[in-house]
Each structure stands twice: as structure tokens, then as C-alpha cells.
file model-v5.cif (mmCIF, C-alpha atoms)
data_my_file
loop_
_atom_site.label_atom_id
_atom_site.label_comp_id
_atom_site.auth_asym_id
_atom_site.auth_seq_id
_atom_site.Cartn_x
_atom_site.Cartn_y
_atom_site.Cartn_z
CA MET Z 8 5.49 -1.74 -6.53
CA ILE Z 9 4.87 -5.26 -7.53
CA GLY Z 10 1.93 -5.78 -9.72
CA PHE Z 11 1.61 -2.25 -11.00
CA PRO Z 12 -0.11 -2.46 -14.34
CA GLY Z 13 2.09 -1.84 -17.30
CA PHE Z 14 5.18 -2.72 -15.38
CA ASP Z 15 7.16 -5.90 -15.17
CA SER Z 16 6.01 -6.67 -11.68
CA THR Z 17 8.01 -9.85 -11.27
CA LEU Z 18 11.19 -7.84 -10.83
CA PHE Z 19 10.15 -6.43 -7.49
CA ASP Z 20 8.67 -9.76 -6.46
CA ASP Z 21 11.92 -11.53 -7.06
CA LEU Z 22 13.94 -8.88 -5.33
CA LEU Z 23 11.72 -8.91 -2.30
CA ARG Z 24 11.52 -12.69 -2.12
CA VAL Z 25 15.28 -12.91 -2.05
CA GLN Z 26 15.39 -10.24 0.67
CA ARG Z 27 12.81 -12.12 2.75
CA GLN Z 28 14.48 -15.47 2.26
CA MET Z 29 17.78 -14.07 3.41
CA GLU Z 30 16.16 -12.57 6.47
CA SER Z 31 14.30 -15.72 7.42
CA LEU Z 32 17.31 -17.95 6.90
CA PHE Z 33 19.70 -15.93 8.96
CA GLY Z 34 17.38 -14.26 11.45
CA GLY Z 35 17.86 -10.98 9.66
CA PRO Z 36 20.50 -10.21 7.11
CA LEU Z 37 24.11 -10.35 8.22
CA THR Z 38 24.65 -7.23 6.23
CA SER Z 39 21.94 -4.64 5.86
CA ALA Z 40 21.86 -1.09 4.63
CA ILE Z 41 22.78 1.15 7.54
CA ARG Z 42 19.54 3.10 7.18
CA SER Z 43 17.21 0.14 6.60
CA MET Z 44 14.45 -0.41 9.14
CA GLY Z 45 13.27 -4.00 8.81
CA ALA Z 46 9.92 -5.30 7.69
CA ALA Z 47 7.48 -3.31 9.80
CA ALA Z 48 8.58 0.25 9.05
CA PHE Z 49 5.99 2.90 8.23
CA PRO Z 50 5.58 3.99 5.56
CA PRO Z 51 6.88 1.14 3.39
CA VAL Z 52 9.05 2.34 0.53
CA ASN Z 53 9.77 1.24 -3.02
CA VAL Z 54 12.50 2.77 -5.16
CA GLY Z 55 12.86 2.46 -8.92
CA THR Z 56 15.28 3.96 -11.40
CA THR Z 57 15.51 4.91 -15.05
CA PRO Z 58 18.54 6.42 -16.78
CA GLU Z 59 16.93 9.86 -16.35
CA GLU Z 60 15.48 9.75 -12.85
CA VAL Z 61 15.04 8.01 -9.52
CA ASP Z 62 11.48 7.40 -8.32
CA VAL Z 63 10.68 6.92 -4.65
CA TYR Z 64 7.23 5.73 -3.57
CA LEU Z 65 6.13 5.92 0.06
CA PHE Z 66 2.90 4.12 0.86
CA ALA Z 67 1.55 6.51 3.46
CA PRO Z 68 -2.25 6.56 3.49
CA GLY Z 69 -4.16 9.00 5.64
CA VAL Z 70 -1.38 11.53 5.96
CA ASP Z 71 -1.76 15.29 5.58
CA PRO Z 72 0.62 16.02 2.68
CA ASN Z 73 1.13 19.61 3.87
CA ALA Z 74 2.54 18.34 7.14
CA LEU Z 75 5.19 16.20 5.47
CA ASP Z 76 8.81 17.24 5.83
CA ILE Z 77 10.78 16.10 2.79
CA SER Z 78 14.45 16.95 2.39
CA LEU Z 79 17.25 15.84 0.14
CA GLN Z 80 20.86 16.41 1.09
CA ASN Z 81 23.08 15.27 -1.72
CA ASN Z 82 21.79 11.74 -2.22
CA VAL Z 83 20.20 11.19 1.19
CA LEU Z 84 16.44 11.58 1.22
CA THR Z 85 14.55 12.13 4.46
CA VAL Z 86 10.78 12.02 4.77
CA ALA Z 87 9.27 12.80 8.14
CA GLY Z 88 5.71 13.28 9.25
CA GLU Z 89 3.02 11.88 11.41
CA ARG Z 90 -0.15 9.96 11.08
CA ARG Z 91 -2.64 10.43 13.84
CA VAL Z 92 -5.36 7.86 14.00
CA ILE Z 93 -8.31 9.42 15.76
CA ARG Z 94 -9.63 6.90 18.25
CA GLU Z 95 -13.24 7.07 19.23
CA GLU Z 96 -13.67 7.29 22.94
CA GLY Z 97 -16.01 4.83 24.58
CA ALA Z 98 -15.97 2.50 21.57
CA SER Z 99 -14.71 -1.05 21.92
CA TYR Z 100 -11.82 -1.78 19.61
CA TYR Z 101 -11.45 -5.21 18.03
CA ARG Z 102 -8.42 -4.48 15.90
CA LYS Z 103 -5.74 -1.80 15.95
CA GLU Z 104 -3.37 -2.73 13.17
CA ARG Z 105 -2.84 0.66 11.55
CA PHE Z 106 0.22 2.73 12.29
CA ASP Z 107 -0.34 5.66 14.64
CA GLY Z 108 2.28 8.27 15.44
CA GLU Z 109 5.32 10.01 14.06
CA PHE Z 110 7.53 8.53 11.40
CA ARG Z 111 10.84 9.27 9.71
CA ARG Z 112 12.37 7.38 6.82
CA VAL Z 113 15.87 8.03 5.55
CA LEU Z 114 16.97 6.57 2.22
CA THR Z 115 20.30 6.50 0.46
CA LEU Z 116 19.71 7.10 -3.24
CA PRO Z 117 22.11 6.64 -6.15
CA GLU Z 118 24.87 9.22 -5.97
CA ASP Z 119 24.10 10.98 -9.23
CA VAL Z 120 20.72 12.43 -8.23
CA ASP Z 121 20.31 16.18 -8.66
CA PRO Z 122 19.02 17.71 -5.38
CA ASP Z 123 17.83 20.79 -7.28
CA ARG Z 124 15.43 18.90 -9.49
CA VAL Z 125 12.91 17.14 -7.29
CA ASP Z 126 9.16 17.05 -7.32
CA ALA Z 127 6.73 15.30 -5.02
CA THR Z 128 3.08 14.41 -5.43
CA TYR Z 129 0.64 12.78 -3.03
CA THR Z 130 -2.15 10.77 -4.66
CA ASP Z 131 -4.51 8.27 -3.02
CA GLY Z 132 -2.17 7.89 -0.06
CA VAL Z 133 1.02 7.32 -2.05
CA LEU Z 134 3.79 9.91 -1.92
CA HIS Z 135 5.78 9.86 -5.15
CA ILE Z 136 9.10 11.69 -5.10
CA ARG Z 137 10.81 12.07 -8.44
CA ILE Z 138 14.46 13.11 -8.53
CA GLU Z 139 16.23 13.71 -11.80
CA ARG Z 140 19.73 12.39 -12.34
CA LYS Z 141 22.56 14.77 -13.19
CA GLU Z 142 23.00 15.26 -16.93
CA SER Z 143 26.66 14.31 -16.76
CA SER Z 144 25.92 10.79 -15.55
CA ARG Z 145 23.23 9.91 -18.08
CA PRO Z 146 24.15 7.38 -20.74
CA LYS Z 147 25.38 8.89 -23.98
CA GLN Z 148 25.39 7.47 -27.44
CA ILE Z 149 28.91 7.29 -28.81
CA LYS Z 150 29.25 7.40 -32.53
CA VAL Z 151 31.93 5.46 -34.31
CA ASN Z 152 33.59 7.58 -36.95
CA MET N 7 1.58 -31.07 -19.02
CA SER N 8 2.63 -32.32 -22.47
CA ASP N 9 4.30 -30.12 -25.02
CA LYS N 10 1.24 -30.31 -27.18
CA THR N 11 -1.08 -28.96 -24.54
CA GLU N 12 1.18 -26.04 -23.83
CA LEU N 13 1.43 -25.20 -27.48
CA THR N 14 -2.30 -25.36 -27.92
CA THR N 15 -2.88 -23.16 -24.91
CA THR N 16 -0.45 -20.57 -26.16
CA GLN N 17 -2.00 -20.50 -29.58
CA GLY N 18 -5.42 -20.12 -28.07
CA GLY N 19 -4.34 -16.78 -26.68
CA ASP N 20 -5.87 -17.48 -23.30
CA VAL N 21 -2.60 -17.38 -21.43
CA GLN N 22 -2.20 -14.40 -19.19
CA PRO N 23 1.15 -12.70 -19.08
CA ALA N 24 3.30 -13.79 -16.14
CA SER N 25 3.01 -10.43 -14.45
CA GLU N 26 -0.78 -10.62 -14.55
CA GLN N 27 -0.76 -14.07 -13.02
CA GLN N 28 1.65 -12.92 -10.37
CA ARG N 29 -0.64 -10.05 -9.58
CA LEU N 30 -3.57 -12.37 -9.02
CA GLU N 31 -1.56 -14.54 -6.70
CA GLN N 32 0.01 -11.73 -4.74
CA ILE N 33 -2.73 -10.39 -2.52
CA VAL N 34 -2.04 -8.36 0.59
CA ARG N 35 -4.30 -7.99 3.58
CA PRO N 36 -4.73 -4.30 4.28
CA ALA N 37 -4.11 -3.20 7.87
CA VAL N 38 -7.39 -2.38 9.61
CA ASP N 39 -8.79 -0.76 12.71
CA ILE N 40 -12.22 -1.98 13.75
CA PHE N 41 -14.35 -0.58 16.53
CA GLU N 42 -17.93 -0.79 17.70
CA ASP N 43 -20.11 1.81 19.33
CA GLU N 44 -23.81 1.86 20.16
CA SER N 45 -24.99 2.51 16.62
CA GLY N 46 -22.71 0.21 14.65
CA ILE N 47 -19.27 -0.94 13.57
CA THR N 48 -16.62 1.15 11.85
CA VAL N 49 -13.75 -0.24 9.78
CA HIS N 50 -10.74 1.79 8.66
CA ALA N 51 -8.48 0.06 6.11
CA ASP N 52 -5.15 1.26 4.68
CA MET N 53 -5.23 0.86 0.90
CA PRO N 54 -2.61 3.24 -0.48
CA GLY N 55 -2.71 3.81 -4.23
CA VAL N 56 -6.31 2.68 -4.62
CA SER N 57 -8.68 5.12 -6.28
CA LYS N 58 -12.46 5.04 -6.05
CA GLU N 59 -12.70 3.46 -9.50
CA ARG N 60 -10.52 0.53 -8.45
CA LEU N 61 -12.21 -0.13 -5.13
CA ASN N 62 -14.86 -2.76 -4.67
CA VAL N 63 -16.85 -3.29 -1.47
CA LYS N 64 -19.42 -6.05 -1.48
CA VAL N 65 -21.58 -8.10 0.85
CA GLU N 66 -22.39 -11.67 -0.11
CA GLY N 67 -24.49 -13.53 2.39
CA ASP N 68 -22.88 -12.68 5.71
CA THR N 69 -19.45 -11.94 4.24
CA LEU N 70 -18.20 -8.42 3.68
CA THR N 71 -15.28 -8.18 1.24
CA ILE N 72 -13.11 -5.20 0.48
CA ASP N 73 -11.00 -5.38 -2.64
CA GLY N 74 -8.84 -2.80 -4.37
CA VAL N 75 -5.95 -2.53 -6.79
CA ALA N 76 -3.40 0.24 -6.47
CA ASP N 77 -2.43 2.15 -9.57
CA ILE N 78 0.91 3.91 -9.31
CA PRO N 79 2.29 6.09 -12.12
CA MET N 80 5.67 4.77 -13.23
CA PRO N 81 8.00 5.99 -15.95
CA GLU N 82 8.58 3.63 -18.82
CA GLY N 83 11.49 1.25 -18.46
CA MET N 84 11.80 1.66 -14.71
CA GLU N 85 13.92 -0.88 -12.90
CA PRO N 86 13.41 -1.71 -9.25
CA LEU N 87 16.16 -0.78 -6.85
CA TYR N 88 14.52 -1.55 -3.54
CA ALA N 89 11.07 -2.86 -2.62
CA GLU N 90 9.18 -3.24 0.65
CA VAL N 91 5.72 -3.37 -0.90
CA ARG N 92 5.29 -6.71 -2.57
CA ALA N 93 1.79 -6.48 -4.01
CA THR N 94 -0.75 -3.86 -4.87
CA HIS N 95 -3.87 -5.98 -4.81
CA TYR N 96 -5.53 -5.58 -1.44
CA GLN N 97 -8.26 -7.90 -0.28
CA ARG N 98 -9.80 -8.82 3.03
CA SER N 99 -13.08 -10.33 4.16
CA PHE N 100 -15.07 -10.20 7.38
CA THR N 101 -18.00 -12.23 8.59
CA LEU N 102 -20.87 -10.09 9.75
CA SER N 103 -23.46 -10.98 12.35
CA PRO N 104 -27.22 -10.83 11.74
CA GLU N 105 -27.91 -7.66 13.70
CA MET N 106 -25.91 -5.61 11.20
CA ASP N 107 -27.83 -3.79 8.51
CA VAL N 108 -25.97 -4.73 5.32
CA ASP N 109 -28.28 -2.57 3.19
CA GLN N 110 -27.08 0.54 4.96
CA VAL N 111 -23.30 0.05 4.71
CA ASP N 112 -21.59 3.33 3.95
CA ALA N 113 -18.15 3.43 2.33
CA SER N 114 -15.84 6.37 1.77
CA LEU N 115 -12.27 6.61 0.53
CA LYS N 116 -9.85 9.41 1.30
CA ASN N 117 -6.08 9.54 0.78
CA GLY N 118 -5.89 5.77 0.50
CA VAL N 119 -7.88 5.08 3.66
CA LEU N 120 -11.19 3.28 3.33
CA THR N 121 -13.84 3.94 5.97
CA LEU N 122 -16.77 1.57 6.28
CA ARG N 123 -19.72 2.21 8.52
CA ILE N 124 -21.94 -0.77 9.22
CA PRO N 125 -24.99 0.26 11.25
CA LYS N 126 -26.90 -2.05 13.54
CA ARG N 127 -30.54 -2.68 12.87
CA GLU N 128 -32.77 -0.42 14.92
CA GLU N 129 -34.12 -3.22 17.11
CA HIS N 130 -30.60 -4.25 18.09
CA LYS N 131 -29.40 -0.92 19.37
CA PRO N 132 -28.73 -1.20 23.08
CA ARG N 133 -31.35 0.01 25.52
CA LYS N 134 -30.56 1.08 28.97
CA ILE N 135 -32.24 -1.15 31.51
CA GLU N 136 -33.38 0.62 34.58
CA VAL N 137 -32.97 -1.16 37.86
CA LYS N 138 -35.92 -0.45 40.10
CA MET N 139 -35.56 -0.26 43.79
CA GLY N 140 -37.37 -3.10 45.48
#
call {"tool": "encode", "arguments": {"input": "model-v5.cif", "output": "C-alpha cells"}}
result
Amino acid sequence: MIGFPGFDSTLFDDLLRVQRQMESLFGGPLTSAIRSMGAAAFPPVNVGTTPEEVDVYLFAPGVDPNALDISLQNNVLTVAGERRVIREEGASYYRKERFDGEFRRVLTLPEDVDPDRVDATYTDGVLHIRIERKESSRPKQIKVN
Amino acid sequence: MSDKTELTTTQGGDVQPASEQQRLEQIVRPAVDIFEDESGITVHADMPGVSKERLNVKVEGDTLTIDGVADIPMPEGMEPLYAEVRATHYQRSFTLSPEMDVDQVDASLKNGVLTLRIPKREEHKPRKIEVKMG
């Protein structure tokens, strides 16, 4: 998410740098989110919030969007699918860095998301899931009489 | 740097915003698969979020460079909660060897995966050598 034009990219940078520093100092964080998967998970995920919605971005290039299984139970989001890299037989491979196989990512979102108001789009290999927050938890202007 | 220099630079309007500078510094190497068959070399590179307009593939001398910037739609005022992706500028270079035909490189982009096909020059395609019985 860092470096997206029109967005204060340093925020994610800072957050991630602190995460990385903690992990390198202590050989992994002493406390980590119970559903976190470490640095090499596929697809990598960024999450951002506004007062109105929570935005989840999964960087999953080369995936058939129709074969994705996305579910939201209360505030727990699960995205499962697979990416099959077709290997050419008889060719000599010099590098095989890309993820190949099934994946499942489970994320705990803020508790006030509304499971009935979700939409997902897949563009250029990025899956963007947008979940609105419940009306009751949005900030309200309070007038002083 | 003296105060004066900084002031002058700022007034000149040449200073990039911090986020822009950060973006230039933060470059990720896209994950790649590379294989070779009889007719040439194929490269697959993961570049999620990059559209055709923001992709640049070039050959300079014997160096092939792929470069792309992801563009992700974000609502105004979004604050980060959690981030595993630290940069959206992808770049990676490869040194080619002379038997590759750089004029015939073919690039295609689909769902954030770049496919490059670098054919070998005709005279370098392998020929089967028959072993004659003595």
C-alpha cells in the first residue's frame, strides 16, 4: 500500500518498518496476531480504514477471480483460492520464485464492520474488498446547544 | 546543509513531497519464474496492481529492465491498519546473452502477471547432431 499515489505512503512504510524491526530484533515478535502468517504468506495483504469503511487489499496476481472463495463471518474475513503456475515440460527452469498452489488468508477486521455490505473487485491482480462499517459506530457530530 | 540552502531549495519549488521521495527509494523486486526451451527464454513476473499504461519494458545494451508502478484505488483519508506490501514500484533487471533476439521480445500483461518471451536468433537454435555409425 505504500507509495500509492495520492496517499500518504509513509504511514504504511513506518508501520511496516516497525513490524520488521521487531521481528528481526526478537527473532519474530513475542506477541503476534493469532491469525498472522509471517513475512512470506501469499497473497500479501494490506488493510486500511476510514470512518465509513474498511478496505482490504490482497496482492494476488494471476488468480482466476471466479475461483476465489471470500467469506465474512462477523468481523473475520477469509479469502481462499489457488494459483496454479503452469510449468512447461522439458524446459529448463532457472528461477521458480512465484507462489504455486492453494492459499487461504484469514483476517480479523475491526468489530464494527457490516457483513451485509461488502463488495469485492479484482483489477490487475489486486483483490480489493470493501466492507462498510455499521452506521451506529460511525462518528457523529454533536451540537452544543 | 545550511539553513539558507534549505530555504532556497524550498522556495525553488523543486522539492518533491516526502511520499514521492519515499516511493522512489522503495523499490521491490517482483518474484519471477524464468525458463528456457529450444526457441527462447520466457519470464513470468508478479506485478500486482500494475496496468499496461504503467508498465515499462526496455532493453538497453544487453540489459533487460522491467519496471512498473501499481495504482490502487483508495478512499480519501484512509489510514493504514496493517501492511505487508511495503512498496508499489516494481523493478528488476536481467543481463541477456548475445544469442537472444532483443528486437523480437514480446511482452504481455494479464491480471498483474507480466509474460516476456525472448526468442533466440535463428542461427542459435539447437540442432540435433546425428551420430553416425563407424
call {"tool": "axis_aligned_box", "arguments": {"input": "model-v5.cif", "around": "stretch 105-118 of chain N", "padding_each_side": "6 Å", "output": "JSON"}}
result
{"center_x": -17.1, "center_y": 0.9, "center_z": 7.1, "size_x": 34.4, "size_y": 29.2, "size_z": 25.2}
call {"tool": "atom_distance", "arguments": {"input": "model-v5.cif", "atom1": "atom CA of Z:Leu79", "atom2": "atom CA of N:Met84"}}
result
21.2 Å
call {"tool": "interface_residues", "arguments": {"input": "model-v5.cif", "of": "chain N", "to": "chain Z", "cutoff": "7 Å", "atoms": "only C-alpha atoms", "output": "number ranges by chain"}}
result
N: 25, 29, 37-43, 52-57, 77-78, 83-94, 116-119
call {"tool": "write_last_selection", "arguments": {"input": "model-v5.cif", "atoms": "C-alpha atoms", "output": "PDB file, in the coordinates of the input"}}
result
ATOM      1  CA  SER N  25       3.010 -10.430 -14.450  1.00  0.00           C
ATOM      2  CA  ARG N  29      -0.640 -10.050  -9.580  1.00  0.00           C
ATOM      3  CA  ALA N  37      -4.110  -3.200   7.870  1.00  0.00           C
ATOM      4  CA  VAL N  38      -7.390  -2.380   9.610  1.00  0.00           C
ATOM      5  CA  ASP N  39      -8.790  -0.760  12.710  1.00  0.00           C
ATOM      6  CA  ILE N  40     -12.220  -1.980  13.750  1.00  0.00           C
ATOM      7  CA  PHE N  41     -14.350  -0.580  16.530  1.00  0.00           C
ATOM      8  CA  GLU N  42     -17.930  -0.790  17.700  1.00  0.00           C
ATOM      9  CA  ASP N  43     -20.110   1.810  19.330  1.00  0.00           C
ATOM     10  CA  ASP N  52      -5.150   1.260   4.680  1.00  0.00           C
ATOM     11  CA  MET N  53      -5.230   0.860   0.900  1.00  0.00           C
ATOM     12  CA  PRO N  54      -2.610   3.240  -0.480  1.00  0.00           C
ATOM     13  CA  GLY N  55      -2.710   3.810  -4.230  1.00  0.00           C
ATOM     14  CA  VAL N  56      -6.310   2.680  -4.620  1.00  0.00           C
ATOM     15  CA  SER N  57      -8.680   5.120  -6.280  1.00  0.00           C
ATOM     16  CA  ASP N  77      -2.430   2.150  -9.570  1.00  0.00           C
ATOM     17  CA  ILE N  78       0.910   3.910  -9.310  1.00  0.00           C
ATOM     18  CA  GLY N  83      11.490   1.250 -18.460  1.00  0.00           C
ATOM     19  CA  MET N  84      11.800   1.660 -14.710  1.00  0.00           C
ATOM     20  CA  GLU N  85      13.920  -0.880 -12.900  1.00  0.00           C
ATOM     21  CA  PRO N  86      13.410  -1.710  -9.250  1.00  0.00           C
ATOM     22  CA  LEU N  87      16.160  -0.780  -6.850  1.00  0.00           C
ATOM     23  CA  TYR N  88      14.520  -1.550  -3.540  1.00  0.00           C
ATOM     24  CA  ALA N  89      11.070  -2.860  -2.620  1.00  0.00           C
ATOM     25  CA  GLU N  90       9.180  -3.240   0.650  1.00  0.00           C
ATOM     26  CA  VAL N  91       5.720  -3.370  -0.900  1.00  0.00           C
ATOM     27  CA  ARG N  92       5.290  -6.710  -2.570  1.00  0.00           C
ATOM     28  CA  ALA N  93       1.790  -6.480  -4.010  1.00  0.00           C
ATOM     29  CA  THR N  94      -0.750  -3.860  -4.870  1.00  0.00           C
ATOM     30  CA  LYS N 116      -9.850   9.410   1.300  1.00  0.00           C
ATOM     31  CA  ASN N 117      -6.080   9.540   0.780  1.00  0.00           C
ATOM     32  CA  GLY N 118      -5.890   5.770   0.500  1.00  0.00           C
ATOM     33  CA  VAL N 119      -7.880   5.080   3.660  1.00  0.00           C
TER      34      VAL N 119
END
call {"tool": "closest_residue", "arguments": {"input": "model-v5.cif", "among": "N:Glu129, N:Glu136, N:Asp112, N:Glu44", "to": "N:Lys64", "atoms": "only C-alpha atoms"}}
result
N:Asp112
call {"tool": "residues_around", "arguments": {"input": "model-v5.cif", "residues": "Z:Gly88", "least_positions_apart": "4", "cutoff": "9 Å", "atoms": "all atoms listed in the file", "output": "list in words"}}
result
Val70, Asp71, Pro72, Ala74, Leu75, Asp76, Ile77, Gly108, Glu109, Phe110 and Arg111 of chain Z
call {"tool": "atom_distance", "arguments": {"input": "model-v5.cif", "atom1": "atom CA of N:Ala51", "atom2": "atom CA of N:Thr101"}}
result
15.7 Å
call {"tool": "resolve_selection", "arguments": {"input": "model-v5.cif", "expression": "the PyMOL selection byres ((chain N and resi 73) around 10)", "output": "ChimeraX atom specification"}}
result
/N:33-36,53,56,60-64,71-72,74-75,95-99
call {"tool": "closest_residue", "arguments": {"input": "model-v5.cif", "among": "N:Gln32, N:Asp107, N:Phe100, N:Gly46", "to": "N:Pro132", "atoms": "only C-alpha atoms"}}
result
N:Gly46
call {"tool": "atom_distance", "arguments": {"input": "model-v5.cif", "atom1": "atom CA of N:Glu105", "atom2": "atom CA of N:Thr48"}}
result
14.4 Å
call {"tool": "resolve_selection", "arguments": {"input": "model-v5.cif", "expression": "the PyMOL selection byres ((chain Z and resi 139) around 8)", "output": "PyMOL selection string"}}
result
chain Z and resi 59-61+120-121+124-125+137-138+140-141
call {"tool": "resolve_selection", "arguments": {"input": "model-v5.cif", "expression": "the PyMOL selection byres ((chain Z and resi 112) around 6)", "output": "list in words"}}
result
Thr85, Val86, Arg111 and Val113 of chain Z
call {"tool": "residues_near_point", "arguments": {"input": "model-v5.cif", "point": "(20.6, 10.3, 0.6)", "cutoff": "7 Å", "atoms": "all atoms listed in the file", "output": "list in words"}}
result
Leu79, Gln80, Asn81, Asn82, Val83, Leu84, Leu114, Thr115 and Leu116 of chain Z
